[in-house]
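Engineer: Quick one, model_17.pdb (PDB, C-alpha atoms):
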ATOM      1  CA  MET A   2     188.551  22.751  61.010
ATOM      2  CA  PRO A   3     191.366  20.600  59.584
ATOM      3  CA  TYR A   4     194.051  22.152  57.429
ATOM      4  CA  ALA A   5     196.996  20.460  55.769
ATOM      5  CA  SER A   6     200.081  22.371  54.724
ATOM      6  CA  ASN A   7     202.088  22.108  51.515
ATOM      7  CA  ASP A   8     205.067  24.372  52.162
ATOM      8  CA  ASP A   9     203.390  27.631  53.218
ATOM      9  CA  VAL A  10     200.027  26.940  51.550
ATOM     10  CA  GLN A  11     197.173  25.987  53.880
ATOM     11  CA  LEU A  12     194.721  23.478  52.394
ATOM     12  CA  TYR A  13     191.288  23.069  53.927
ATOM     13  CA  TYR A  14     189.528  19.724  53.957
ATOM     14  CA  GLU A  15     186.588  18.074  55.672
ATOM     15  CA  MET A  16     186.650  14.426  56.741
ATOM     16  CA  ASP A  17     183.844  12.243  58.000
ATOM     17  CA  GLY A  18     183.867   8.668  59.269
ATOM     18  CA  ASP A  19     186.417   6.135  60.400
ATOM     19  CA  ALA A  20     185.867   3.331  57.895
ATOM     20  CA  GLU A  21     188.888   1.371  56.748
ATOM     21  CA  GLN A  22     188.579   2.561  53.138
ATOM     22  CA  ALA A  23     188.557   6.241  52.153
ATOM     23  CA  VAL A  24     187.095   8.220  49.263
ATOM     24  CA  VAL A  25     188.602  11.619  48.452
ATOM     25  CA  PHE A  26     186.768  14.110  46.226
ATOM     26  CA  LEU A  27     188.721  16.556  44.009
ATOM     27  CA  GLY A  28     186.850  19.505  42.534
ATOM     28  CA  ASP A  29     186.530  21.112  39.122
ATOM     29  CA  LEU A  30     188.011  24.355  37.842
ATOM     30  CA  GLY A  31     187.111  27.272  40.102
ATOM     31  CA  TYR A  32     184.392  25.461  42.026
ATOM     32  CA  GLY A  33     184.283  25.079  45.797
ATOM     33  CA  ALA A  34     183.399  21.972  47.770
ATOM     34  CA  TRP A  35     179.658  22.638  47.242
ATOM     35  CA  GLN A  36     179.835  20.583  44.041
ATOM     36  CA  TRP A  37     180.093  17.342  46.061
ATOM     37  CA  GLY A  38     176.932  17.941  48.095
ATOM     38  CA  TRP A  39     175.165  15.249  46.072
ATOM     39  CA  GLN A  40     177.865  12.562  46.404
ATOM     40  CA  TYR A  41     179.210  13.166  49.916
ATOM     41  CA  PRO A  42     176.122  11.933  51.814
ATOM     42  CA  ALA A  43     175.743   8.955  49.485
ATOM     43  CA  VAL A  44     179.279   7.726  50.181
ATOM     44  CA  ALA A  45     179.773   8.798  53.820
ATOM     45  CA  GLY A  46     179.226   6.070  56.371
ATOM     46  CA  GLN A  47     180.379   3.188  54.263
ATOM     47  CA  TYR A  48     183.642   5.002  53.555
ATOM     48  CA  THR A  49     185.763   7.592  55.305
ATOM     49  CA  THR A  50     184.991  10.602  53.133
ATOM     50  CA  VAL A  51     187.250  13.578  52.435
ATOM     51  CA  VAL A  52     186.394  16.715  50.463
ATOM     52  CA  MET A  53     189.238  19.173  49.991
ATOM     53  CA  ASP A  54     189.227  22.720  48.660
ATOM     54  CA  LEU A  55     191.782  22.931  45.875
ATOM     55  CA  ARG A  56     194.196  25.813  46.295
ATOM     56  CA  GLY A  57     192.459  28.921  45.031
ATOM     57  CA  THR A  58     188.969  27.917  46.193
ATOM     58  CA  GLY A  59     186.920  27.836  49.375
ATOM     59  CA  LYS A  60     188.862  28.040  52.628
ATOM     60  CA  SER A  61     192.194  26.987  51.102
ATOM     61  CA  ASP A  62     194.888  29.576  50.421
ATOM     62  CA  SER A  63     195.085  31.266  47.015
ATOM     63  CA  PRO A  64     198.780  31.883  46.393
ATOM     64  CA  ALA A  65     199.928  33.603  43.226
ATOM     65  CA  GLY A  66     200.005  31.295  40.198
ATOM     66  CA  PRO A  67     200.242  29.818  37.746
ATOM     67  CA  TYR A  68     199.543  26.422  39.291
ATOM     68  CA  THR A  69     200.484  23.034  37.874
ATOM     69  CA  ILE A  70     198.889  19.612  38.063
ATOM     70  CA  SER A  71     201.983  18.401  39.937
ATOM     71  CA  THR A  72     201.391  21.089  42.562
ATOM     72  CA  PHE A  73     197.800  19.927  43.000
ATOM     73  CA  VAL A  74     199.043  16.355  43.389
ATOM     74  CA  ASP A  75     201.465  17.506  46.091
ATOM     75  CA  ASP A  76     198.552  19.275  47.801
ATOM     76  CA  LEU A  77     196.535  16.061  47.698
ATOM     77  CA  ILE A  78     199.379  14.044  49.224
ATOM     78  CA  SER A  79     199.697  16.661  51.976
ATOM     79  CA  VAL A  80     196.007  16.248  52.810
ATOM     80  CA  LEU A  81     196.241  12.447  52.763
ATOM     81  CA  SER A  82     199.239  12.559  55.079
ATOM     82  CA  ASP A  83     197.569  14.997  57.455
ATOM     83  CA  ALA A  84     194.437  12.826  57.534
ATOM     84  CA  GLU A  85     196.586   9.695  58.003
ATOM     85  CA  ILE A  86     195.099   8.047  54.906
ATOM     86  CA  THR A  87     197.466   5.510  53.360
ATOM     87  CA  SER A  88     195.248   4.393  50.474
ATOM     88  CA  THR A  89     192.191   5.930  48.881
ATOM     89  CA  HIS A  90     189.646   5.867  46.107
ATOM     90  CA  LEU A  91     189.853   9.187  44.237
ATOM     91  CA  VAL A  92     186.841  10.875  42.624
ATOM     92  CA  GLY A  93     187.627  13.951  40.517
ATOM     93  CA  ALA A  94     185.550  16.243  38.304
ATOM     94  CA  GLY A  95     187.142  18.146  35.411
ATOM     95  CA  LEU A  96     190.367  19.601  36.791
ATOM     96  CA  GLY A  97     190.053  17.257  39.780
ATOM     97  CA  GLY A  98     189.910  14.284  37.427
ATOM     98  CA  MET A  99     193.145  15.443  35.820
ATOM     99  CA  VAL A 100     194.744  15.695  39.251
ATOM    100  CA  GLY A 101     193.489  12.184  39.937
ATOM    101  CA  LEU A 102     195.001  10.816  36.730
ATOM    102  CA  ALA A 103     198.360  12.384  37.561
ATOM    103  CA  ALA A 104     198.268  11.232  41.197
ATOM    104  CA  THR A 105     197.445   7.685  40.150
ATOM    105  CA  ARG A 106     200.486   7.647  37.856
ATOM    106  CA  MET A 107     202.788   9.092  40.499
ATOM    107  CA  HIS A 108     201.714   7.454  43.760
ATOM    108  CA  ALA A 109     200.741   4.001  45.001
ATOM    109  CA  ARG A 110     198.150   5.320  47.465
ATOM    110  CA  VAL A 111     195.321   5.236  44.911
ATOM    111  CA  THR A 112     193.102   2.122  44.995
ATOM    112  CA  SER A 113     190.716   3.258  42.264
ATOM    113  CA  LEU A 114     189.946   6.399  40.302
ATOM    114  CA  THR A 115     186.688   7.919  39.094
ATOM    115  CA  THR A 116     186.774  10.822  36.651
ATOM    116  CA  ILE A 117     183.737  12.963  35.862
ATOM    117  CA  GLY A 118     183.716  15.218  32.790
ATOM    118  CA  THR A 119     187.465  14.891  32.324
ATOM    119  CA  ALA A 120     189.746  14.713  29.281
ATOM    120  CA  PRO A 121     193.182  13.060  29.018
ATOM    121  CA  ALA A 122     194.742  16.210  27.557
ATOM    122  CA  ALA A 123     194.087  19.847  26.777
ATOM    123  CA  THR A 124     196.674  20.007  23.998
ATOM    124  CA  ALA A 125     194.524  18.250  21.419
ATOM    125  CA  ARG A 126     192.086  21.163  21.495
ATOM    126  CA  LYS A 127     194.471  23.975  22.367
ATOM    127  CA  ARG A 128     192.660  26.531  20.262
ATOM    128  CA  ASN A 129     189.312  26.232  21.976
ATOM    129  CA  VAL A 130     190.065  24.886  25.452
ATOM    130  CA  ASP A 131     190.083  28.382  26.953
ATOM    131  CA  SER A 132     186.786  29.436  25.387
ATOM    132  CA  ASN A 133     185.066  26.199  26.428
ATOM    133  CA  LEU A 134     186.296  26.428  30.005
ATOM    134  CA  GLU A 135     185.421  30.121  30.121
ATOM    135  CA  MET A 136     181.793  28.992  30.241
ATOM    136  CA  LEU A 137     182.417  27.817  33.806
ATOM    137  CA  TRP A 138     183.633  31.209  35.016
ATOM    138  CA  ALA A 139     181.548  33.940  36.611
ATOM    139  CA  PRO A 140     182.494  36.595  39.184
ATOM    140  CA  PRO A 141     181.492  35.268  42.637
ATOM    141  CA  SER A 142     179.903  38.652  43.375
ATOM    142  CA  ASP A 143     177.606  38.571  40.311
ATOM    143  CA  ARG A 144     174.638  36.290  40.986
ATOM    144  CA  GLU A 145     173.124  36.779  37.533
ATOM    145  CA  ALA A 146     176.380  35.811  35.823
ATOM    146  CA  LEU A 147     176.741  32.826  38.142
ATOM    147  CA  ALA A 148     173.285  31.586  37.174
ATOM    148  CA  GLU A 149     174.103  32.018  33.472
ATOM    149  CA  SER A 150     177.298  29.981  33.842
ATOM    150  CA  VAL A 151     175.378  27.224  35.634
ATOM    151  CA  GLU A 152     172.994  27.177  32.681
ATOM    152  CA  THR A 153     175.872  26.380  30.301
ATOM    153  CA  ALA A 154     177.113  23.537  32.533
ATOM    154  CA  VAL A 155     173.828  21.611  32.759
ATOM    155  CA  SER A 156     171.210  20.506  30.279
ATOM    156  CA  SER A 157     168.519  23.024  29.386
ATOM    157  CA  SER A 158     165.816  20.718  30.747
ATOM    158  CA  PHE A 159     167.474  20.521  34.173
ATOM    159  CA  TYR A 160     167.963  24.288  34.323
ATOM    160  CA  ASP A 161     164.308  24.908  33.508
ATOM    161  CA  ARG A 162     162.934  22.232  35.864
ATOM    162  CA  HIS A 163     165.040  23.036  38.918
ATOM    163  CA  PRO A 164     165.322  26.806  39.477
ATOM    164  CA  ASP A 165     165.529  26.165  43.238
ATOM    165  CA  VAL A 166     168.670  24.052  42.792
ATOM    166  CA  VAL A 167     170.211  26.693  40.530
ATOM    167  CA  ASP A 168     169.508  29.350  43.174
ATOM    168  CA  ARG A 169     171.223  27.243  45.853
ATOM    169  CA  ILE A 170     174.232  26.637  43.622
ATOM    170  CA  VAL A 171     174.539  30.377  43.013
ATOM    171  CA  GLU A 172     174.601  31.077  46.753
ATOM    172  CA  TRP A 173     177.232  28.413  47.346
ATOM    173  CA  ARG A 174     179.342  29.772  44.512
ATOM    174  CA  VAL A 175     179.243  33.261  46.019
ATOM    175  CA  ASP A 176     180.858  31.851  49.163
ATOM    176  CA  GLU A 177     183.268  29.260  47.806
ATOM    177  CA  ASP A 178     184.332  29.812  44.192
ATOM    178  CA  ALA A 179     187.690  31.114  42.999
ATOM    179  CA  SER A 180     188.515  34.729  42.313
ATOM    180  CA  ARG A 181     189.544  35.519  38.743
ATOM    181  CA  PRO A 182     193.321  35.425  39.474
ATOM    182  CA  ALA A 183     192.980  32.066  41.256
ATOM    183  CA  TRP A 184     190.730  30.730  38.474
ATOM    184  CA  GLU A 185     193.317  31.666  35.852
ATOM    185  CA  SER A 186     196.044  30.047  37.967
ATOM    186  CA  GLN A 187     194.041  26.811  37.978
ATOM    187  CA  LEU A 188     193.339  27.132  34.251
ATOM    188  CA  ALA A 189     197.092  27.280  33.614
ATOM    189  CA  ALA A 190     197.406  23.764  35.060
ATOM    190  CA  ILE A 191     194.741  22.460  32.669
ATOM    191  CA  ARG A 192     196.394  24.094  29.656
ATOM    192  CA  GLU A 193     199.600  22.127  30.198
ATOM    193  CA  PHE A 194     197.962  18.819  31.109
ATOM    194  CA  ASP A 195     198.573  15.863  28.778
ATOM    195  CA  VAL A 196     198.675  12.194  29.738
ATOM    196  CA  ALA A 197     197.155  10.938  26.475
ATOM    197  CA  ASP A 198     200.304   8.947  25.673
ATOM    198  CA  LEU A 199     200.824   7.772  29.257
ATOM    199  CA  LEU A 200     197.475   6.213  30.072
ATOM    200  CA  TYR A 201     198.975   2.721  29.904
ATOM    201  CA  GLU A 202     200.772   3.579  33.167
ATOM    202  CA  ILE A 203     197.467   3.994  35.040
ATOM    203  CA  THR A 204     196.648   0.416  35.982
ATOM    204  CA  VAL A 205     194.090   0.875  38.783
ATOM    205  CA  PRO A 206     190.389   0.393  37.999
ATOM    206  CA  THR A 207     189.121   3.683  36.573
ATOM    207  CA  LEU A 208     185.491   4.677  36.105
ATOM    208  CA  VAL A 209     184.977   7.376  33.463
ATOM    209  CA  VAL A 210     181.653   9.200  33.906
ATOM    210  CA  HIS A 211     180.643  11.739  31.278
ATOM    211  CA  GLY A 212     177.488  13.651  30.483
ATOM    212  CA  MET A 213     176.705  13.123  26.825
ATOM    213  CA  SER A 214     175.579  16.761  26.487
ATOM    214  CA  ASP A 215     178.799  18.121  28.043
ATOM    215  CA  ALA A 216     179.655  21.392  26.264
ATOM    216  CA  VAL A 217     182.933  21.896  28.154
ATOM    217  CA  TRP A 218     184.760  18.633  27.478
ATOM    218  CA  SER A 219     183.474  16.592  24.558
ATOM    219  CA  PRO A 220     182.098  13.145  25.415
ATOM    220  CA  THR A 221     184.508  11.893  22.758
ATOM    221  CA  ALA A 222     187.382  12.882  25.048
ATOM    222  CA  GLY A 223     185.885  10.878  27.901
ATOM    223  CA  GLU A 224     185.287   7.867  25.687
ATOM    224  CA  GLN A 225     188.903   8.046  24.491
ATOM    225  CA  LEU A 226     190.076   8.181  28.090
ATOM    226  CA  ALA A 227     188.073   5.090  29.055
ATOM    227  CA  SER A 228     189.105   3.077  26.009
ATOM    228  CA  GLU A 229     192.837   3.745  26.387
ATOM    229  CA  LEU A 230     193.092   3.094  30.124
ATOM    230  CA  PRO A 231     194.119  -0.506  30.857
ATOM    231  CA  ARG A 232     191.223  -0.925  33.307
ATOM    232  CA  GLY A 233     188.927   1.864  32.171
ATOM    233  CA  GLU A 234     185.129   1.585  32.436
ATOM    234  CA  TRP A 235     183.025   3.914  30.275
ATOM    235  CA  ALA A 236     179.901   5.284  31.978
ATOM    236  CA  PRO A 237     178.071   7.730  29.679
ATOM    237  CA  VAL A 238     175.018   9.519  31.052
ATOM    238  CA  GLU A 239     172.477  10.641  28.471
ATOM    239  CA  ASN A 240     170.829  14.077  28.522
ATOM    240  CA  ALA A 241     173.266  15.527  31.071
ATOM    241  CA  GLY A 242     175.828  18.304  30.769
ATOM    242  CA  HIS A 243     179.185  19.006  32.364
ATOM    243  CA  LEU A 244     177.773  18.958  35.898
ATOM    244  CA  VAL A 245     176.463  15.458  35.327
ATOM    245  CA  HIS A 246     177.084  14.474  38.959
ATOM    246  CA  ILE A 247     174.659  17.199  40.043
ATOM    247  CA  GLU A 248     171.861  17.023  37.502
ATOM    248  CA  ALA A 249     171.919  13.215  37.240
ATOM    249  CA  SER A 250     173.092  12.632  40.799
ATOM    250  CA  LYS A 251     170.999   9.524  41.450
ATOM    251  CA  ILE A 252     172.299   7.794  38.325
ATOM    252  CA  VAL A 253     175.883   8.852  38.996
ATOM    253  CA  ASN A 254     175.700   7.865  42.666
ATOM    254  CA  ASP A 255     174.392   4.404  41.806
ATOM    255  CA  ILE A 256     177.187   3.896  39.278
ATOM    256  CA  LEU A 257     179.826   5.301  41.626
ATOM    257  CA  ILE A 258     178.823   3.284  44.695
ATOM    258  CA  GLY A 259     178.618   0.107  42.642
ATOM    259  CA  PHE A 260     182.107   0.745  41.306
ATOM    260  CA  LEU A 261     183.541   1.562  44.735
ATOM    261  CA  ASN A 262     181.999  -1.521  46.317
ATOM    262  CA  GLU A 263     183.366  -3.710  43.540
ATOM    263  CA  HIS A 264     186.899  -2.423  44.041
TER
END
Have the structure of the file written as structure tokens, please.
Structural biologist:
Amino acid sequence: MPYASNDDVQLYYEMDGDAEQAVVFLGDLGYGAWQWGWQYPAVAGQYTTVVMDLRGTGKSDSPAGPYTISTFVDDLISVLSDAEITSTHLVGAGLGGMVGLAATRMHARVTSLTTIGTAPAATARKRNVDSNLEMLWAPPSDREALAESVETAVSSSFYDRHPDVVDRIVEWRVDEDASRPAWESQLAAIREFDVADLLYEITVPTLVVHGMSDAVWSPTAGEQLASELPRGEWAPVENAGHLVHIEASKIVNDILIGFLNEH
């Protein structure tokens, strides 16, 4: 099992393939690597594929916080160095999308960026960012609470039609999701994130995917992000919530693979 090290923090990642181009997936607040189970097999083979557990989740260490976006970027660079990846396409959901935006500004290793359910800043909605993101939290030991939090992150139609998928997600979350202290340490990074006035510095092609029923980050925030990026592409997905890449995985995968192949 590969681990990279950033100072004394051990960061777990999984890598598959030996293709020339790489795709690295960066997860959302509190979630383990399970969230990429719908994209990983679609991308693997054509690309070297890396899924890392952000600090605080899965098999990665959970040091005391608060964390910062810059720290997550340093973690990412540690994983890329350990995996001997010199350039990569980044795909990030929520918090992972914010890490991707910051990494793209700070490092030349990023070939393209895809954000999913991500906003350019938390400051514009400081008063309600915590309550909105709180919908994603549930104690990993409480299966009923985990199921309820999944319900808030997807459309009601998906939740009702796919109880088997919800059950599987709950089991994965029991094993991989962040504890409350680690979750709050990750949340601290989101609270201080703001690149709304710096988007002109992100010049790589950037695909902005957003579920139009997202109750965590408003679709308006995603549309703003796409419109203000020099090479932003807006990809709204109707009738899908915050976990758009799970409940509309076929649509998202088609859009993502088309974007990756183009760039």
Engineer: Using all atoms listed in the file, which residue out of A:Ala197, A:Ala222, A:Met53, A:Val10 lies closest to A:Gly95?
Structural biologist: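 Selected residue with least distance to A:Gly95: A:Ala222.
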Engineer: Residues picked by the PyMOL selection byres ((chain A and resi 174-180) around 10) here, as a tab-separated table (two decimals) with C-alpha atoms, keeping the file's coordinate frame?
Structural biologist:
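Contents of part_39.tsv, freshly written:
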chain	number	residue	atom	x	y	z
A	30	LEU	CA	188.01	24.36	37.84
A	31	GLY	CA	187.11	27.27	40.10
A	32	TYR	CA	184.39	25.46	42.03
A	33	GLY	CA	184.28	25.08	45.80
A	34	ALA	CA	183.40	21.97	47.77
A	35	TRP	CA	179.66	22.64	47.24
A	36	GLN	CA	179.84	20.58	44.04
A	54	ASP	CA	189.23	22.72	48.66
A	55	LEU	CA	191.78	22.93	45.88
A	56	ARG	CA	194.20	25.81	46.30
A	57	GLY	CA	192.46	28.92	45.03
A	58	THR	CA	188.97	27.92	46.19
A	59	GLY	CA	186.92	27.84	49.38
A	60	LYS	CA	188.86	28.04	52.63
A	61	SER	CA	192.19	26.99	51.10
A	63	SER	CA	195.08	31.27	47.02
A	138	TRP	CA	183.63	31.21	35.02
A	139	ALA	CA	181.55	33.94	36.61
A	140	PRO	CA	182.49	36.60	39.18
A	141	PRO	CA	181.49	35.27	42.64
A	142	SER	CA	179.90	38.65	43.38
A	143	ASP	CA	177.61	38.57	40.31
A	144	ARG	CA	174.64	36.29	40.99
A	147	LEU	CA	176.74	32.83	38.14
A	148	ALA	CA	173.28	31.59	37.17
A	168	ASP	CA	169.51	29.35	43.17
A	169	ARG	CA	171.22	27.24	45.85
A	170	ILE	CA	174.23	26.64	43.62
A	171	VAL	CA	174.54	30.38	43.01
A	172	GLU	CA	174.60	31.08	46.75
A	173	TRP	CA	177.23	28.41	47.35
A	181	ARG	CA	189.54	35.52	38.74
A	182	PRO	CA	193.32	35.42	39.47
A	183	ALA	CA	192.98	32.07	41.26
A	184	TRP	CA	190.73	30.73	38.47
A	185	GLU	CA	193.32	31.67	35.85
A	186	SER	CA	196.04	30.05	37.97
A	187	GLN	CA	194.04	26.81	37.98
Engineer: For each of A:Ala109, A:Thr115, A:Gly28, A:Ala122, take the minimum atom-to-atom distance to A:Asp195, counting all atoms listed in the file, then give the residue where this is smallest.
Structural biologist: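 Among the listed residues, A:Ala122 lies closest to A:Asp195.
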Engineer: From the options A:Tyr4, A:Phe194, A:Trp39, A:Phe26, which residue's atoms come nearest to A:Ser79, counting all atoms listed in the file?
Structural biologist: A:Tyr4
Engineer: Check what the PyMOL selection byres ((chain A and resi 240-246) around 7) selects in the file above and give those residues as a PyMOL selection string.
Structural biologist: chain A and resi 118+154-156+211-217+238-239+247-250+253
Engineer: Closest to A:Asp29 among A:Asn133, A:Thr119, A:Asn262, A:Thr207, using all atoms listed in the file?
Structural biologist: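 Checking each of A:Asn133, A:Thr119, A:Asn262, A:Thr207 against A:Asp29, counting all atoms listed in the file, the winner is A:Thr119.
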Engineer: Quick one: residues within 9 Å of A:Leu27, all atoms listed in the file counted, chain neighbours fewer than 4 positions away excluded, as a list in words?
Structural biologist: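 Within the cut-off, the hits are Ala34, Trp37, Val52, Met53, Asp54, Leu55, Leu77, Leu91, Val92, Gly93, Ala94, Gly95, Leu96, Gly97, Gly98, Val100 and Gly101 of chain A.
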Engineer: Would you please work out which residue, of A:Ala120, A:Ala104, A:Leu208, A:Leu137, is nearest to A:Thr221 when using all atoms listed in the file?
Structural biologist: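 Using all atoms listed in the file, the shortest distance to A:Thr221 belongs to A:Ala120.
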Engineer: Determine the nearest neighbour of A:Thr112 from the options A:Glu15, A:Tyr48, A:Gln22, A:Thr72, counting all atoms listed in the file.
Structural biologist: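 Checking each of A:Glu15, A:Tyr48, A:Gln22, A:Thr72 against A:Thr112, counting all atoms listed in the file, the winner is A:Gln22.
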Engineer: Mind telling me what the PyMOL selection byres ((chain A and resi 205) around 7) catches here, as a PDB file with C-alpha atoms, in the frame of the given file?
Structural biologist:
ATOM      1  CA  THR A 112     193.102   2.122  44.995  1.00  0.00           C
ATOM      2  CA  SER A 113     190.716   3.258  42.264  1.00  0.00           C
ATOM      3  CA  ILE A 203     197.467   3.994  35.040  1.00  0.00           C
ATOM      4  CA  THR A 204     196.648   0.416  35.982  1.00  0.00           C
ATOM      5  CA  PRO A 206     190.389   0.393  37.999  1.00  0.00           C
ATOM      6  CA  THR A 207     189.121   3.683  36.573  1.00  0.00           C
ATOM      7  CA  ARG A 232     191.223  -0.925  33.307  1.00  0.00           C
TER       8      ARG A 232
END
Engineer: So what do you get for atom CA of A:Ser88 versus atom CA of A:Val111, distance-wise?
Structural biologist: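 About the pair atom CA of A:Ser88 and atom CA of A:Val111: they are 5.6 Å apart.
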Engineer: Would you list the contacts of A:Ile256 as a JSON list (two decimals) with C-alpha atoms, in the frame of the given file, taking every protein, DNA or RNA residue within 9 Å and counting all atoms listed in the file, but skipping same-chain residues closer than 5 positions in sequence?
Structural biologist:
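Here's the written file result_2.json:
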[["chain", "number", "residue", "atom", "x", "y", "z"],
["A", 208, "LEU", "CA", 185.49, 4.68, 36.10],
["A", 210, "VAL", "CA", 181.65, 9.20, 33.91],
["A", 236, "ALA", "CA", 179.90, 5.28, 31.98],
["A", 251, "LYS", "CA", 171.00, 9.52, 41.45],
["A", 261, "LEU", "CA", 183.54, 1.56, 44.74]]
Engineer: Edge lengths and centre, in Å to one decimal, as JSON: that's what I need for the box along x, y and z that holds all listed atoms of stretch 163-181 of chain A plus 6 Å on each side.
Structural biologist:
{"center_x": 177.3, "center_y": 29.3, "center_z": 44.0, "size_x": 36.5, "size_y": 24.5, "size_z": 22.4}
Engineer: What does the structure give for the distance between atom CA of A:Gln11 and atom CA of A:Asp62, in Å to one decimal?
Structural biologist: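 According to the coordinates, atom CA of A:Gln11 and atom CA of A:Asp62 are separated by 5.5 Å.
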Engineer: For atom CA of A:Glu202 and atom CA of A:Arg106, quote the distance in Å rounded to one decimal.
Structural biologist: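 Computed distance, atom CA of A:Glu202 to atom CA of A:Arg106, equals 6.2 Å.
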Engineer: Can you pull out the residues contacting A:Asp19? Cut-off 12 Å, using only C-alpha atoms, and skip same-chain residues under 6 positions away; I want them as a VMD selection string.
Structural biologist: chain A and resid 45 to 51 84 to 86
Engineer: Got a sec: who's within 9 Å of A:Val196, counting only C-alpha atoms, leaving out chain neighbours fewer than 6 positions off, as an MDAnalysis selection string?
Structural biologist: chainID A and resid 99 102:103 121:122
Engineer: Would you kindly place N, CA and C atoms on stretch 173-191 of chain A and return the model as a PDB file, in the coordinates of the input?
Structural biologist:
ATOM      1  N   TRP A 173     176.006  29.123  46.961  1.00  0.00           N
ATOM      2  CA  TRP A 173     177.232  28.413  47.346  1.00  0.00           C
ATOM      3  C   TRP A 173     178.438  28.954  46.583  1.00  0.00           C
ATOM      4  N   ARG A 174     178.228  29.265  45.314  1.00  0.00           N
ATOM      5  CA  ARG A 174     179.342  29.772  44.512  1.00  0.00           C
ATOM      6  C   ARG A 174     179.802  31.146  44.996  1.00  0.00           C
ATOM      7  N   VAL A 175     178.875  31.961  45.457  1.00  0.00           N
ATOM      8  CA  VAL A 175     179.243  33.261  46.019  1.00  0.00           C
ATOM      9  C   VAL A 175     180.240  33.082  47.155  1.00  0.00           C
ATOM     10  N   ASP A 176     180.037  32.064  47.974  1.00  0.00           N
ATOM     11  CA  ASP A 176     180.858  31.851  49.163  1.00  0.00           C
ATOM     12  C   ASP A 176     182.160  31.107  48.884  1.00  0.00           C
ATOM     13  N   GLU A 177     182.173  30.225  47.893  1.00  0.00           N
ATOM     14  CA  GLU A 177     183.268  29.260  47.806  1.00  0.00           C
ATOM     15  C   GLU A 177     184.110  29.319  46.539  1.00  0.00           C
ATOM     16  N   ASP A 178     183.616  29.919  45.458  1.00  0.00           N
ATOM     17  CA  ASP A 178     184.332  29.812  44.192  1.00  0.00           C
ATOM     18  C   ASP A 178     185.561  30.703  44.125  1.00  0.00           C
ATOM     19  N   ALA A 179     186.407  30.427  43.148  1.00  0.00           N
ATOM     20  CA  ALA A 179     187.690  31.114  42.999  1.00  0.00           C
ATOM     21  C   ALA A 179     187.507  32.537  42.491  1.00  0.00           C
ATOM     22  N   SER A 180     188.405  33.406  42.920  1.00  0.00           N
ATOM     23  CA  SER A 180     188.515  34.729  42.313  1.00  0.00           C
ATOM     24  C   SER A 180     189.083  34.570  40.905  1.00  0.00           C
ATOM     25  N   ARG A 181     189.027  35.626  40.109  1.00  0.00           N
ATOM     26  CA  ARG A 181     189.544  35.519  38.743  1.00  0.00           C
ATOM     27  C   ARG A 181     191.044  35.181  38.711  1.00  0.00           C
ATOM     28  N   PRO A 182     191.901  35.808  39.507  1.00  0.00           N
ATOM     29  CA  PRO A 182     193.321  35.425  39.474  1.00  0.00           C
ATOM     30  C   PRO A 182     193.538  33.963  39.844  1.00  0.00           C
ATOM     31  N   ALA A 183     192.825  33.469  40.854  1.00  0.00           N
ATOM     32  CA  ALA A 183     192.980  32.066  41.256  1.00  0.00           C
ATOM     33  C   ALA A 183     192.429  31.143  40.176  1.00  0.00           C
ATOM     34  N   TRP A 184     191.317  31.528  39.551  1.00  0.00           N
ATOM     35  CA  TRP A 184     190.730  30.730  38.474  1.00  0.00           C
ATOM     36  C   TRP A 184     191.714  30.600  37.314  1.00  0.00           C
ATOM     37  N   GLU A 185     192.351  31.708  36.951  1.00  0.00           N
ATOM     38  CA  GLU A 185     193.317  31.666  35.852  1.00  0.00           C
ATOM     39  C   GLU A 185     194.550  30.848  36.235  1.00  0.00           C
ATOM     40  N   SER A 186     194.919  30.864  37.516  1.00  0.00           N
ATOM     41  CA  SER A 186     196.044  30.047  37.967  1.00  0.00           C
ATOM     42  C   SER A 186     195.704  28.566  37.853  1.00  0.00           C
ATOM     43  N   GLN A 187     194.470  28.198  38.161  1.00  0.00           N
ATOM     44  CA  GLN A 187     194.041  26.811  37.978  1.00  0.00           C
ATOM     45  C   GLN A 187     193.960  26.446  36.496  1.00  0.00           C
ATOM     46  N   LEU A 188     193.446  27.371  35.692  1.00  0.00           N
ATOM     47  CA  LEU A 188     193.339  27.132  34.251  1.00  0.00           C
ATOM     48  C   LEU A 188     194.709  26.836  33.643  1.00  0.00           C
ATOM     49  N   ALA A 189     195.746  27.502  34.131  1.00  0.00           N
ATOM     50  CA  ALA A 189     197.092  27.280  33.614  1.00  0.00           C
ATOM     51  C   ALA A 189     197.508  25.822  33.763  1.00  0.00           C
ATOM     52  N   ALA A 190     197.085  25.182  34.850  1.00  0.00           N
ATOM     53  CA  ALA A 190     197.406  23.764  35.060  1.00  0.00           C
ATOM     54  C   ALA A 190     196.726  22.898  34.009  1.00  0.00           C
ATOM     55  N   ILE A 191     195.470  23.229  33.684  1.00  0.00           N
ATOM     56  CA  ILE A 191     194.741  22.460  32.669  1.00  0.00           C
ATOM     57  C   ILE A 191     195.396  22.623  31.307  1.00  0.00           C
TER      58      ILE A 191
END
